[in-house]
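To start, the structure under review is shown below, and the notes come after it.
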Amino acid sequence: MKRFFLAAFALTATIGVSAQFTTTDTLKYRISLTDKAATTYSLSQPGRFLSEKAIARRQRQNLSVDSTDLPVCAKYIDAIRKKGVHIVVTGKWDNFVTVSCNDSTLIHKIAKLPFVRFTEKVWHGNMKMTSKRDTLINKPQKSDSLYGPAFAQIEMSRANRLHEAGFKGQGMTIAVIDAGFHNADRIAAMQNIRVLGARDFVYPGSDIYAESSHGMSVLSCIAMNEPNIMVGTAPEASFWLLRSEDDYSEHLVEQDYWSAAIEFADSVGVDVVNTSLGYYTFDDPSKNYRYRDLDGHFALMSRQASKVADKGMILVCSAGNSGRGSWKKTTPPGDAENVLTVGAIDKKGVLAPFSSIGNTADGRVKPDVVAVGQDSDVMGTDGNLRRANGTSFSAPIMCGMVTCLWQARPNLTAKQIIELVRSSGDRVDFPDNIYGYGVPDLWKAYQNSSQMFSKRQE
């Protein structure tokens, strides 16, 4: 399952390295590298590969810039390109280059290069694109409530109290990594969302607003700011819209795109990332994951996700919608360490039957927390509000609230905020593999945070 969505009714990835695509190549391979010995960058000059905001975010949390932050060696990339392949994306944290070609013998030649650790096929097929737009109506129903019908989504965790105290996400930057943001640029009620930029890592140069509606609905849960129509959980935050999901196939390469997207988010100084994507089965069944693979490090996406907090960002991700199926478990990257994996409940606090469960293969509690994901209020592609089911929506609802909490407690680190959210759950004394730590009370978390961390420092 690629994205967690059930309808309720019918700067580049590495600064200085451009992503390229060709529409005729039918194969993609991940080339894992041994080192960065030929780098022209220095850890003493991080401004050459990270933005000022990204550096400041690390400094504020006493985090060092390390070798994983160094871009993939340009010398290695050039040597790989000269074998006759096209560069798709690069991943500096896990040190890989993803390439496309039509001739697998070229990969055999690349595998013999002295700096290549191993190669893996991550995609085969034909590239597809669509640009058809849905018709806009733009007549959403007004409500007496400031939040519109979405009040219950924020009130359940008392994050509306954070809003009342003036913490609505202002000054915070959120990246939404998803499948597309259909009509988000034209829907009237979304015109005041602070979008800093958009980037497509699947088909660079395509219209990210003409693809899947999934990311648009996810974005609406956080970013909407139309009083009496819908107000999201972080309405005054700023946003990067990043596409990593290919709706037309299910291959490992989508995790390569996601890796490039999360590294881009880091490089431009994003604070919090939402991703309502997850993977456990693929078009090539030999790549399917097993329960024992859910250790936070087996899947590329999980390895990347487990590094996010060490870069000073918070990652909020969906638990998955496999609760009714044979898989049942949380899916990568929801098994990652130091992330907030969010399950789904209804507006009465009852678990949604589709919500995936934990724990991880190494015994960590998953999901971490739960939020409204059944009958969630979201924006539709026609510009009118609707309801939808899925942990796709419980994650962004939680993401915005966590962003406001961090705005209110900027002295805390990413890992401290994650711990604070867990500790404010209504099941904190007896966390389980269904609700995790439960429904967090973020107003209580805000009030108790100073005392909690000051005692620890003593």
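Lettering and numbering for the structure tokens are positional, with chains as A, B, ... in the shown order, residues counted from 1 in each chain, and ligands counted from 1 in the shown order.
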For region 378-381 of chain A, please output as a PDB file with all heavy atoms, in the first residue's frame all residues within 8 Å (counting only C-alpha atoms; exclusion window: fewer than 4 positions along the same chain).
```
ATOM      1  N   ASP A 134      -9.693  18.466 -11.885  1.00  0.00           N
ATOM      2  CA  ASP A 134     -11.094  18.368 -11.508  1.00  0.00           C
ATOM      3  C   ASP A 134     -11.751  19.748 -11.598  1.00  0.00           C
ATOM      4  O   ASP A 134     -11.100  20.784 -11.442  1.00  0.00           O
ATOM      5  CB  ASP A 134     -11.229  17.847 -10.078  1.00  0.00           C
ATOM      6  CG  ASP A 134     -10.891  16.372  -9.967  1.00  0.00           C
ATOM      7  OD1 ASP A 134     -10.640  15.754 -11.012  1.00  0.00           O
ATOM      8  OD2 ASP A 134     -10.865  15.851  -8.837  1.00  0.00           O
ATOM      9  N   THR A 135     -13.058  19.751 -11.817  1.00  0.00           N
ATOM     10  CA  THR A 135     -13.818  20.997 -11.908  1.00  0.00           C
ATOM     11  C   THR A 135     -13.996  21.618 -10.526  1.00  0.00           C
ATOM     12  O   THR A 135     -14.300  20.917  -9.545  1.00  0.00           O
ATOM     13  CB  THR A 135     -15.204  20.735 -12.518  1.00  0.00           C
ATOM     14  OG1 THR A 135     -15.028  20.162 -13.815  1.00  0.00           O
ATOM     15  CG2 THR A 135     -16.000  22.038 -12.647  1.00  0.00           C
ATOM     16  N   LEU A 136     -13.806  22.913 -10.447  1.00  0.00           N
ATOM     17  CA  LEU A 136     -13.950  23.627  -9.177  1.00  0.00           C
ATOM     18  C   LEU A 136     -15.375  24.122  -8.980  1.00  0.00           C
ATOM     19  O   LEU A 136     -16.019  24.599  -9.923  1.00  0.00           O
ATOM     20  CB  LEU A 136     -12.985  24.814  -9.132  1.00  0.00           C
ATOM     21  CG  LEU A 136     -11.498  24.448  -8.956  1.00  0.00           C
ATOM     22  CD1 LEU A 136     -10.631  25.662  -9.214  1.00  0.00           C
ATOM     23  CD2 LEU A 136     -11.261  23.920  -7.550  1.00  0.00           C
ATOM     24  N   HIS A 182      -3.468  18.237  -5.876  1.00  0.00           N
ATOM     25  CA  HIS A 182      -4.419  18.560  -6.927  1.00  0.00           C
ATOM     26  C   HIS A 182      -5.281  19.780  -6.583  1.00  0.00           C
ATOM     27  O   HIS A 182      -5.983  19.794  -5.567  1.00  0.00           O
ATOM     28  CB  HIS A 182      -5.327  17.357  -7.175  1.00  0.00           C
ATOM     29  CG  HIS A 182      -6.087  17.410  -8.460  1.00  0.00           C
ATOM     30  ND1 HIS A 182      -5.691  16.737  -9.592  1.00  0.00           N
ATOM     31  CD2 HIS A 182      -7.201  18.083  -8.797  1.00  0.00           C
ATOM     32  CE1 HIS A 182      -6.537  16.968 -10.571  1.00  0.00           C
ATOM     33  NE2 HIS A 182      -7.478  17.795 -10.113  1.00  0.00           N
ATOM     34  N   ASN A 183      -5.174  20.793  -7.434  1.00  0.00           N
ATOM     35  CA  ASN A 183      -5.981  22.022  -7.344  1.00  0.00           C
ATOM     36  C   ASN A 183      -5.708  22.879  -6.120  1.00  0.00           C
ATOM     37  O   ASN A 183      -6.410  23.875  -5.889  1.00  0.00           O
ATOM     38  CB  ASN A 183      -7.483  21.714  -7.402  1.00  0.00           C
ATOM     39  CG  ASN A 183      -7.999  21.526  -8.817  1.00  0.00           C
ATOM     40  OD1 ASN A 183      -7.291  21.839  -9.785  1.00  0.00           O
ATOM     41  ND2 ASN A 183      -9.206  21.024  -8.958  1.00  0.00           N
ATOM     42  N   ALA A 184      -4.681  22.551  -5.335  1.00  0.00           N
ATOM     43  CA  ALA A 184      -4.403  23.361  -4.139  1.00  0.00           C
ATOM     44  C   ALA A 184      -4.061  24.795  -4.508  1.00  0.00           C
ATOM     45  O   ALA A 184      -4.235  25.706  -3.687  1.00  0.00           O
ATOM     46  CB  ALA A 184      -3.266  22.749  -3.342  1.00  0.00           C
ATOM     47  N   ILE A 187      -7.967  26.310  -5.409  1.00  0.00           N
ATOM     48  CA  ILE A 187      -9.097  26.253  -4.486  1.00  0.00           C
ATOM     49  C   ILE A 187      -9.153  27.550  -3.677  1.00  0.00           C
ATOM     50  O   ILE A 187      -8.180  27.934  -3.031  1.00  0.00           O
ATOM     51  CB  ILE A 187      -8.955  25.029  -3.553  1.00  0.00           C
ATOM     52  CG1 ILE A 187      -9.108  23.741  -4.368  1.00  0.00           C
ATOM     53  CG2 ILE A 187      -9.977  25.087  -2.424  1.00  0.00           C
ATOM     54  CD1 ILE A 187      -8.793  22.476  -3.597  1.00  0.00           C
ATOM     55  N   SER A 213      -4.863  14.001  -5.576  1.00  0.00           N
ATOM     56  CA  SER A 213      -5.522  14.885  -4.608  1.00  0.00           C
ATOM     57  C   SER A 213      -5.103  14.581  -3.177  1.00  0.00           C
ATOM     58  O   SER A 213      -5.432  15.334  -2.256  1.00  0.00           O
ATOM     59  CB  SER A 213      -7.039  14.730  -4.722  1.00  0.00           C
ATOM     60  OG  SER A 213      -7.434  13.408  -4.350  1.00  0.00           O
ATOM     61  N   MET A 216      -3.148  17.228  -1.279  1.00  0.00           N
ATOM     62  CA  MET A 216      -3.953  18.432  -1.065  1.00  0.00           C
ATOM     63  C   MET A 216      -4.856  18.260   0.151  1.00  0.00           C
ATOM     64  O   MET A 216      -4.956  19.156   1.005  1.00  0.00           O
ATOM     65  CB  MET A 216      -4.786  18.723  -2.320  1.00  0.00           C
ATOM     66  CG  MET A 216      -5.671  19.955  -2.236  1.00  0.00           C
ATOM     67  SD  MET A 216      -7.269  19.652  -1.431  1.00  0.00           S
ATOM     68  CE  MET A 216      -7.979  18.457  -2.569  1.00  0.00           C
ATOM     69  N   SER A 217      -5.503  17.098   0.259  1.00  0.00           N
ATOM     70  CA  SER A 217      -6.370  16.856   1.414  1.00  0.00           C
ATOM     71  C   SER A 217      -5.559  16.778   2.707  1.00  0.00           C
ATOM     72  O   SER A 217      -5.983  17.279   3.757  1.00  0.00           O
ATOM     73  CB  SER A 217      -7.161  15.561   1.210  1.00  0.00           C
ATOM     74  OG  SER A 217      -8.071  15.693   0.133  1.00  0.00           O
ATOM     75  N   VAL A 218      -4.380  16.165   2.634  1.00  0.00           N
ATOM     76  CA  VAL A 218      -3.487  16.111   3.795  1.00  0.00           C
ATOM     77  C   VAL A 218      -3.100  17.525   4.218  1.00  0.00           C
ATOM     78  O   VAL A 218      -3.159  17.883   5.397  1.00  0.00           O
ATOM     79  CB  VAL A 218      -2.236  15.270   3.451  1.00  0.00           C
ATOM     80  CG1 VAL A 218      -1.144  15.469   4.495  1.00  0.00           C
ATOM     81  CG2 VAL A 218      -2.599  13.792   3.337  1.00  0.00           C
ATOM     82  N   SER A 220      -4.665  20.260   3.747  1.00  0.00           N
ATOM     83  CA  SER A 220      -5.797  21.021   4.281  1.00  0.00           C
ATOM     84  C   SER A 220      -5.980  20.795   5.779  1.00  0.00           C
ATOM     85  O   SER A 220      -6.397  21.699   6.505  1.00  0.00           O
ATOM     86  CB  SER A 220      -7.082  20.659   3.528  1.00  0.00           C
ATOM     87  OG  SER A 220      -7.531  19.346   3.846  1.00  0.00           O
ATOM     88  N   CYS A 221      -5.664  19.590   6.261  1.00  0.00           N
ATOM     89  CA  CYS A 221      -5.818  19.294   7.693  1.00  0.00           C
ATOM     90  C   CYS A 221      -4.935  20.183   8.556  1.00  0.00           C
ATOM     91  O   CYS A 221      -5.282  20.504   9.698  1.00  0.00           O
ATOM     92  CB  CYS A 221      -5.464  17.835   7.964  1.00  0.00           C
ATOM     93  SG  CYS A 221      -6.543  16.628   7.177  1.00  0.00           S
ATOM     94  N   LEU A 385     -15.670  21.199   1.246  1.00  0.00           N
ATOM     95  CA  LEU A 385     -15.239  20.302   2.309  1.00  0.00           C
ATOM     96  C   LEU A 385     -15.911  18.941   2.175  1.00  0.00           C
ATOM     97  O   LEU A 385     -17.025  18.833   1.659  1.00  0.00           O
ATOM     98  CB  LEU A 385     -15.563  20.904   3.675  1.00  0.00           C
ATOM     99  CG  LEU A 385     -14.907  22.249   3.993  1.00  0.00           C
ATOM    100  CD1 LEU A 385     -15.360  22.739   5.358  1.00  0.00           C
ATOM    101  CD2 LEU A 385     -13.393  22.145   3.939  1.00  0.00           C
ATOM    102  N   ARG A 386     -15.233  17.914   2.652  1.00  0.00           N
ATOM    103  CA  ARG A 386     -15.791  16.572   2.679  1.00  0.00           C
ATOM    104  C   ARG A 386     -15.193  15.826   3.862  1.00  0.00           C
ATOM    105  O   ARG A 386     -14.371  16.378   4.590  1.00  0.00           O
ATOM    106  CB  ARG A 386     -15.488  15.825   1.376  1.00  0.00           C
ATOM    107  CG  ARG A 386     -14.010  15.628   1.119  1.00  0.00           C
ATOM    108  CD  ARG A 386     -13.793  14.962  -0.226  1.00  0.00           C
ATOM    109  NE  ARG A 386     -12.391  14.675  -0.458  1.00  0.00           N
ATOM    110  CZ  ARG A 386     -11.758  13.586  -0.053  1.00  0.00           C
ATOM    111  NH1 ARG A 386     -12.411  12.687   0.660  1.00  0.00           N
ATOM    112  NH2 ARG A 386     -10.494  13.377  -0.326  1.00  0.00           N
ATOM    113  N   ARG A 387     -15.564  14.590   4.019  1.00  0.00           N
ATOM    114  CA  ARG A 387     -14.992  13.747   5.067  1.00  0.00           C
ATOM    115  C   ARG A 387     -14.271  12.569   4.429  1.00  0.00           C
ATOM    116  O   ARG A 387     -14.669  12.075   3.375  1.00  0.00           O
ATOM    117  CB  ARG A 387     -16.076  13.259   6.028  1.00  0.00           C
ATOM    118  CG  ARG A 387     -16.571  14.385   6.933  1.00  0.00           C
ATOM    119  CD  ARG A 387     -17.542  13.883   7.975  1.00  0.00           C
ATOM    120  NE  ARG A 387     -17.879  14.954   8.923  1.00  0.00           N
ATOM    121  CZ  ARG A 387     -18.731  14.810   9.918  1.00  0.00           C
ATOM    122  NH1 ARG A 387     -19.350  13.652  10.097  1.00  0.00           N
ATOM    123  NH2 ARG A 387     -18.973  15.818  10.728  1.00  0.00           N
ATOM    124  N   ALA A 388     -13.221  12.125   5.096  1.00  0.00           N
ATOM    125  CA  ALA A 388     -12.426  11.017   4.574  1.00  0.00           C
ATOM    126  C   ALA A 388     -11.855  10.208   5.720  1.00  0.00           C
ATOM    127  O   ALA A 388     -11.709  10.702   6.839  1.00  0.00           O
ATOM    128  CB  ALA A 388     -11.302  11.548   3.680  1.00  0.00           C
TER     129      ALA A 388
END
```
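Here the residues within region 235-293 of chain A that DSSP labels strand (DSSP E or B) on the basis of the backbone are Ser238, Phe239, Trp240, Leu241, Leu242, Arg243, Val272, Val273, Asn274, Thr275 and Leu277 of chain A.
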Please identify all polymer residues within 9 Å of Val421 (chain A), counting only C-alpha atoms, omitting same-chain residues fewer than 6 positions from it, and present them as a PDB file with all heavy atoms, in the first residue's frame.
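part21.pdb, freshly written:
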```pdb
ATOM      1  N   LEU A 340       7.142  10.374  15.172  1.00  0.00           N
ATOM      2  CA  LEU A 340       5.799  10.219  15.726  1.00  0.00           C
ATOM      3  C   LEU A 340       4.934   9.510  14.692  1.00  0.00           C
ATOM      4  O   LEU A 340       4.585  10.085  13.662  1.00  0.00           O
ATOM      5  CB  LEU A 340       5.199  11.584  16.088  1.00  0.00           C
ATOM      6  CG  LEU A 340       5.729  12.232  17.367  1.00  0.00           C
ATOM      7  CD1 LEU A 340       5.210  13.659  17.491  1.00  0.00           C
ATOM      8  CD2 LEU A 340       5.347  11.418  18.609  1.00  0.00           C
ATOM      9  N   ASP A 368       2.776   5.631  17.979  1.00  0.00           N
ATOM     10  CA  ASP A 368       3.159   6.439  19.137  1.00  0.00           C
ATOM     11  C   ASP A 368       1.941   7.066  19.784  1.00  0.00           C
ATOM     12  O   ASP A 368       1.788   7.021  21.017  1.00  0.00           O
ATOM     13  CB  ASP A 368       4.144   7.535  18.706  1.00  0.00           C
ATOM     14  CG  ASP A 368       5.461   6.949  18.258  1.00  0.00           C
ATOM     15  OD1 ASP A 368       6.270   6.578  19.119  1.00  0.00           O
ATOM     16  OD2 ASP A 368       5.680   6.847  17.033  1.00  0.00           O
ATOM     17  N   VAL A 369       1.087   7.662  18.969  1.00  0.00           N
ATOM     18  CA  VAL A 369      -0.108   8.340  19.448  1.00  0.00           C
ATOM     19  C   VAL A 369      -1.217   8.151  18.420  1.00  0.00           C
ATOM     20  O   VAL A 369      -0.988   7.598  17.333  1.00  0.00           O
ATOM     21  CB  VAL A 369       0.140   9.858  19.679  1.00  0.00           C
ATOM     22  CG1 VAL A 369       1.083  10.088  20.850  1.00  0.00           C
ATOM     23  CG2 VAL A 369       0.674  10.523  18.415  1.00  0.00           C
ATOM     24  N   VAL A 402       1.547  19.408  16.845  1.00  0.00           N
ATOM     25  CA  VAL A 402       2.909  19.280  17.358  1.00  0.00           C
ATOM     26  C   VAL A 402       3.740  20.498  16.966  1.00  0.00           C
ATOM     27  O   VAL A 402       4.563  20.991  17.751  1.00  0.00           O
ATOM     28  CB  VAL A 402       3.549  17.979  16.828  1.00  0.00           C
ATOM     29  CG1 VAL A 402       5.034  17.929  17.139  1.00  0.00           C
ATOM     30  CG2 VAL A 402       2.843  16.764  17.430  1.00  0.00           C
ATOM     31  N   LEU A 405       2.956  23.242  19.341  1.00  0.00           N
ATOM     32  CA  LEU A 405       3.599  22.974  20.633  1.00  0.00           C
ATOM     33  C   LEU A 405       5.071  23.364  20.589  1.00  0.00           C
ATOM     34  O   LEU A 405       5.592  23.966  21.534  1.00  0.00           O
ATOM     35  CB  LEU A 405       3.458  21.486  20.986  1.00  0.00           C
ATOM     36  CG  LEU A 405       4.166  21.028  22.265  1.00  0.00           C
ATOM     37  CD1 LEU A 405       3.588  21.721  23.497  1.00  0.00           C
ATOM     38  CD2 LEU A 405       4.080  19.507  22.411  1.00  0.00           C
ATOM     39  N   TYR A 437       0.659   5.438  22.955  1.00  0.00           N
ATOM     40  CA  TYR A 437       0.550   6.224  24.190  1.00  0.00           C
ATOM     41  C   TYR A 437      -0.792   6.958  24.264  1.00  0.00           C
ATOM     42  O   TYR A 437      -1.039   7.713  25.199  1.00  0.00           O
ATOM     43  CB  TYR A 437       1.706   7.220  24.290  1.00  0.00           C
ATOM     44  CG  TYR A 437       3.044   6.542  24.492  1.00  0.00           C
ATOM     45  CD1 TYR A 437       3.808   6.142  23.404  1.00  0.00           C
ATOM     46  CD2 TYR A 437       3.530   6.275  25.771  1.00  0.00           C
ATOM     47  CE1 TYR A 437       5.031   5.503  23.577  1.00  0.00           C
ATOM     48  CE2 TYR A 437       4.743   5.629  25.960  1.00  0.00           C
ATOM     49  CZ  TYR A 437       5.487   5.243  24.853  1.00  0.00           C
ATOM     50  OH  TYR A 437       6.682   4.597  25.031  1.00  0.00           O
ATOM     51  N   PRO A 440      -2.798  12.419  22.904  1.00  0.00           N
ATOM     52  CA  PRO A 440      -2.004  13.352  23.702  1.00  0.00           C
ATOM     53  C   PRO A 440      -2.788  14.612  24.048  1.00  0.00           C
ATOM     54  O   PRO A 440      -3.625  15.080  23.263  1.00  0.00           O
ATOM     55  CB  PRO A 440      -0.825  13.682  22.775  1.00  0.00           C
ATOM     56  CG  PRO A 440      -1.353  13.486  21.393  1.00  0.00           C
ATOM     57  CD  PRO A 440      -2.378  12.387  21.498  1.00  0.00           C
ATOM     58  N   ASP A 441      -2.548  15.149  25.204  1.00  0.00           N
ATOM     59  CA  ASP A 441      -3.120  16.425  25.642  1.00  0.00           C
ATOM     60  C   ASP A 441      -2.016  17.468  25.474  1.00  0.00           C
ATOM     61  O   ASP A 441      -1.146  17.621  26.327  1.00  0.00           O
ATOM     62  CB  ASP A 441      -3.558  16.329  27.107  1.00  0.00           C
ATOM     63  CG  ASP A 441      -4.243  17.598  27.609  1.00  0.00           C
ATOM     64  OD1 ASP A 441      -3.954  18.690  27.061  1.00  0.00           O
ATOM     65  OD2 ASP A 441      -5.040  17.503  28.560  1.00  0.00           O
ATOM     66  N   LEU A 442      -2.051  18.191  24.356  1.00  0.00           N
ATOM     67  CA  LEU A 442      -0.944  19.078  24.032  1.00  0.00           C
ATOM     68  C   LEU A 442      -0.962  20.368  24.846  1.00  0.00           C
ATOM     69  O   LEU A 442       0.085  21.009  25.020  1.00  0.00           O
ATOM     70  CB  LEU A 442      -0.939  19.375  22.529  1.00  0.00           C
ATOM     71  CG  LEU A 442      -0.706  18.137  21.655  1.00  0.00           C
ATOM     72  CD1 LEU A 442      -0.569  18.514  20.199  1.00  0.00           C
ATOM     73  CD2 LEU A 442       0.526  17.364  22.102  1.00  0.00           C
ATOM     74  N   ALA A 445       0.776  19.233  27.846  1.00  0.00           N
ATOM     75  CA  ALA A 445       2.198  19.098  27.507  1.00  0.00           C
ATOM     76  C   ALA A 445       2.887  20.450  27.562  1.00  0.00           C
ATOM     77  O   ALA A 445       4.003  20.576  28.088  1.00  0.00           O
ATOM     78  CB  ALA A 445       2.346  18.478  26.120  1.00  0.00           C
TER      79      ALA A 445
END
```
Go through A:Val253, A:Met401, A:Val439, A:Ala152 one by one, measure the shortest atom-to-atom distance of each to Thr90 (chain A) using only C-alpha atoms, and give the residue with the smallest value. A:Val253
Just the number, please: distance in Å from CA of Lys307 (chain A) to CA of Arg117 (chain A), one decimal.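 CA of Arg117 (chain A) lies 20.9 Å from CA of Lys307 (chain A).
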Would you kindly return, as a PyMOL selection string, each protein, DNA or RNA residue with an atom no farther than 12 Å from any atom of Lys112 (chain A), considering only C-alpha atoms and excluding same-chain residues fewer than 4 positions away? chain A and resi 31+33+79-80+83+105-108+116-119
Could those residues be written to a file, using C-alpha atoms, as a compact mmCIF listing (two decimals), in the first residue's frame?
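Contents of out-v3.txt, as written:
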```
# COMPACT_ATOMS: atom_id res chain seq x y z
CA ILE A 31 23.80 2.59 -6.55
CA LEU A 33 28.45 4.00 -2.42
CA ALA A 79 31.88 8.62 -13.17
CA ILE A 80 28.53 6.84 -12.91
CA LYS A 83 28.75 4.87 -18.06
CA THR A 105 24.70 -4.27 -18.67
CA LEU A 106 25.56 -0.65 -17.86
CA ILE A 107 24.80 -1.40 -14.21
CA HIS A 108 27.23 -4.33 -14.27
CA VAL A 116 30.38 1.25 -5.47
CA ARG A 117 29.21 -0.92 -2.57
CA PHE A 118 26.29 -2.64 -4.30
CA THR A 119 23.47 -2.03 -6.80
```
Shortest interatomic distance to Lys139 (chain A) - which of A:Asp266, A:Asp375, A:Glu211, A:Asp382, counting only C-alpha atoms: A:Asp382
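Nearest residue to His251 (chain A) among A:Lys82, A:Lys366, A:Lys287, A:Lys109 is A:Lys287, counting only C-alpha atoms.
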When you look at Leu43 (chain A) with a cut-off of 7 Å (counting only C-alpha atoms), what residues show up, excluding the ones that are within fewer than 3 positions of it in the same chain? I need them as a PyMOL selection string. chain A and resi 46+65-66
Using DSSP assignments from the backbone, pull out every residue in region 135-296 of chain A that falls under alpha helix (DSSP H) and give it to me as an MDAnalysis selection string. chainID A and resid 151:155 160:164 214:223 253:267
Generate a file of the selected residues that holds N, CA, C and O atoms, formatted as a compact mmCIF listing (two decimals), in the first residue's frame.
```txt
# COMPACT_ATOMS: atom_id res chain seq x y z
N PHE A 151 -13.41 21.38 14.18
CA PHE A 151 -13.09 21.70 15.57
C PHE A 151 -12.74 20.47 16.37
O PHE A 151 -11.78 20.46 17.16
N ALA A 152 -13.50 19.38 16.20
CA ALA A 152 -13.27 18.17 17.00
C ALA A 152 -11.88 17.59 16.77
O ALA A 152 -11.32 16.95 17.66
N GLN A 153 -11.33 17.82 15.58
CA GLN A 153 -10.03 17.26 15.24
C GLN A 153 -8.90 17.86 16.07
O GLN A 153 -7.90 17.18 16.34
N ILE A 154 -9.05 19.10 16.46
CA ILE A 154 -8.02 19.76 17.26
C ILE A 154 -8.39 19.77 18.74
O ILE A 154 -7.52 19.66 19.60
N GLU A 155 -9.68 19.84 19.02
CA GLU A 155 -10.13 19.93 20.42
C GLU A 155 -9.83 18.65 21.18
O GLU A 155 -9.60 18.68 22.39
N ASN A 160 -6.43 23.44 20.53
CA ASN A 160 -7.11 24.72 20.33
C ASN A 160 -6.72 25.71 21.42
O ASN A 160 -6.71 26.93 21.20
N ARG A 161 -6.35 25.20 22.60
CA ARG A 161 -5.89 26.08 23.67
C ARG A 161 -4.55 26.72 23.29
O ARG A 161 -4.27 27.86 23.69
N LEU A 162 -3.72 25.98 22.57
CA LEU A 162 -2.46 26.56 22.07
C LEU A 162 -2.76 27.70 21.12
O LEU A 162 -2.12 28.75 21.16
N HIS A 163 -3.75 27.50 20.24
CA HIS A 163 -4.15 28.57 19.32
C HIS A 163 -4.63 29.80 20.10
O HIS A 163 -4.26 30.94 19.77
N GLU A 164 -5.44 29.55 21.12
CA GLU A 164 -5.97 30.67 21.91
C GLU A 164 -4.85 31.42 22.61
O GLU A 164 -4.97 32.63 22.87
N HIS A 214 -4.40 13.48 -2.99
CA HIS A 214 -4.10 13.01 -1.63
C HIS A 214 -3.36 14.06 -0.81
O HIS A 214 -3.74 14.39 0.31
N GLY A 215 -2.27 14.60 -1.38
CA GLY A 215 -1.48 15.58 -0.65
C GLY A 215 -2.24 16.86 -0.36
O GLY A 215 -2.02 17.52 0.65
N MET A 216 -3.15 17.23 -1.28
CA MET A 216 -3.95 18.43 -1.07
C MET A 216 -4.86 18.26 0.15
O MET A 216 -4.96 19.16 1.01
N SER A 217 -5.50 17.10 0.26
CA SER A 217 -6.37 16.86 1.41
C SER A 217 -5.56 16.78 2.71
O SER A 217 -5.98 17.28 3.76
N VAL A 218 -4.38 16.16 2.63
CA VAL A 218 -3.49 16.11 3.79
C VAL A 218 -3.10 17.53 4.22
O VAL A 218 -3.16 17.88 5.40
N LEU A 219 -2.69 18.34 3.26
CA LEU A 219 -2.30 19.72 3.53
C LEU A 219 -3.44 20.49 4.20
O LEU A 219 -3.20 21.26 5.14
N SER A 220 -4.67 20.26 3.75
CA SER A 220 -5.80 21.02 4.28
C SER A 220 -5.98 20.79 5.78
O SER A 220 -6.40 21.70 6.50
N CYS A 221 -5.66 19.59 6.26
CA CYS A 221 -5.82 19.29 7.69
C CYS A 221 -4.94 20.18 8.56
O CYS A 221 -5.28 20.50 9.70
N ILE A 222 -3.78 20.57 8.00
CA ILE A 222 -2.82 21.38 8.76
C ILE A 222 -3.00 22.86 8.47
O ILE A 222 -2.99 23.69 9.38
N ALA A 223 -3.13 23.21 7.20
CA ALA A 223 -2.85 24.56 6.74
C ALA A 223 -4.06 25.44 6.49
O ALA A 223 -3.90 26.67 6.35
N VAL A 253 11.74 2.48 -5.80
CA VAL A 253 12.29 3.79 -6.17
C VAL A 253 11.55 4.93 -5.50
O VAL A 253 12.11 6.02 -5.31
N GLU A 254 10.29 4.70 -5.13
CA GLU A 254 9.55 5.78 -4.47
C GLU A 254 10.19 6.14 -3.13
O GLU A 254 10.06 7.28 -2.66
N GLN A 255 10.89 5.20 -2.53
CA GLN A 255 11.63 5.52 -1.30
C GLN A 255 12.88 6.33 -1.60
O GLN A 255 13.33 7.13 -0.77
N ASP A 256 13.44 6.15 -2.80
CA ASP A 256 14.56 7.00 -3.24
C ASP A 256 14.09 8.42 -3.42
O ASP A 256 14.76 9.38 -3.00
N TYR A 257 12.92 8.59 -4.06
CA TYR A 257 12.35 9.93 -4.22
C TYR A 257 12.10 10.57 -2.86
O TYR A 257 12.37 11.75 -2.65
N TRP A 258 11.54 9.75 -1.95
CA TRP A 258 11.23 10.27 -0.61
C TRP A 258 12.50 10.68 0.12
O TRP A 258 12.51 11.71 0.81
N SER A 259 13.55 9.90 -0.04
CA SER A 259 14.83 10.24 0.59
C SER A 259 15.34 11.57 0.09
O SER A 259 15.84 12.40 0.87
N ALA A 260 15.24 11.78 -1.22
CA ALA A 260 15.65 13.06 -1.79
C ALA A 260 14.80 14.20 -1.24
O ALA A 260 15.29 15.29 -0.95
N ALA A 261 13.50 13.94 -1.07
CA ALA A 261 12.59 14.97 -0.57
C ALA A 261 12.88 15.33 0.88
O ALA A 261 12.90 16.52 1.24
N ILE A 262 13.13 14.34 1.73
CA ILE A 262 13.38 14.64 3.15
C ILE A 262 14.71 15.36 3.30
O ILE A 262 14.86 16.25 4.15
N GLU A 263 15.69 15.03 2.47
CA GLU A 263 16.97 15.73 2.53
C GLU A 263 16.84 17.16 2.02
O GLU A 263 17.49 18.07 2.53
N PHE A 264 16.00 17.35 1.03
CA PHE A 264 15.73 18.71 0.57
C PHE A 264 15.08 19.52 1.69
O PHE A 264 15.46 20.67 1.94
N ALA A 265 14.10 18.92 2.36
CA ALA A 265 13.42 19.60 3.47
C ALA A 265 14.44 20.03 4.52
O ALA A 265 14.40 21.15 5.03
N ASP A 266 15.35 19.14 4.85
CA ASP A 266 16.41 19.46 5.81
C ASP A 266 17.26 20.62 5.31
O ASP A 266 17.53 21.57 6.03
N SER A 267 17.67 20.54 4.05
CA SER A 267 18.63 21.52 3.52
C SER A 267 18.06 22.92 3.49
O SER A 267 18.81 23.90 3.59
```
Please provide the set of residues having any atom within 12 Å of Met301 (chain A), restricted to only C-alpha atoms, with same-chain residues fewer than 2 positions apart removed, written as an MDAnalysis selection string. chainID A and resid 91 93:94 244 252:263 275 277:280 294:299 303:308 315 317 331:337
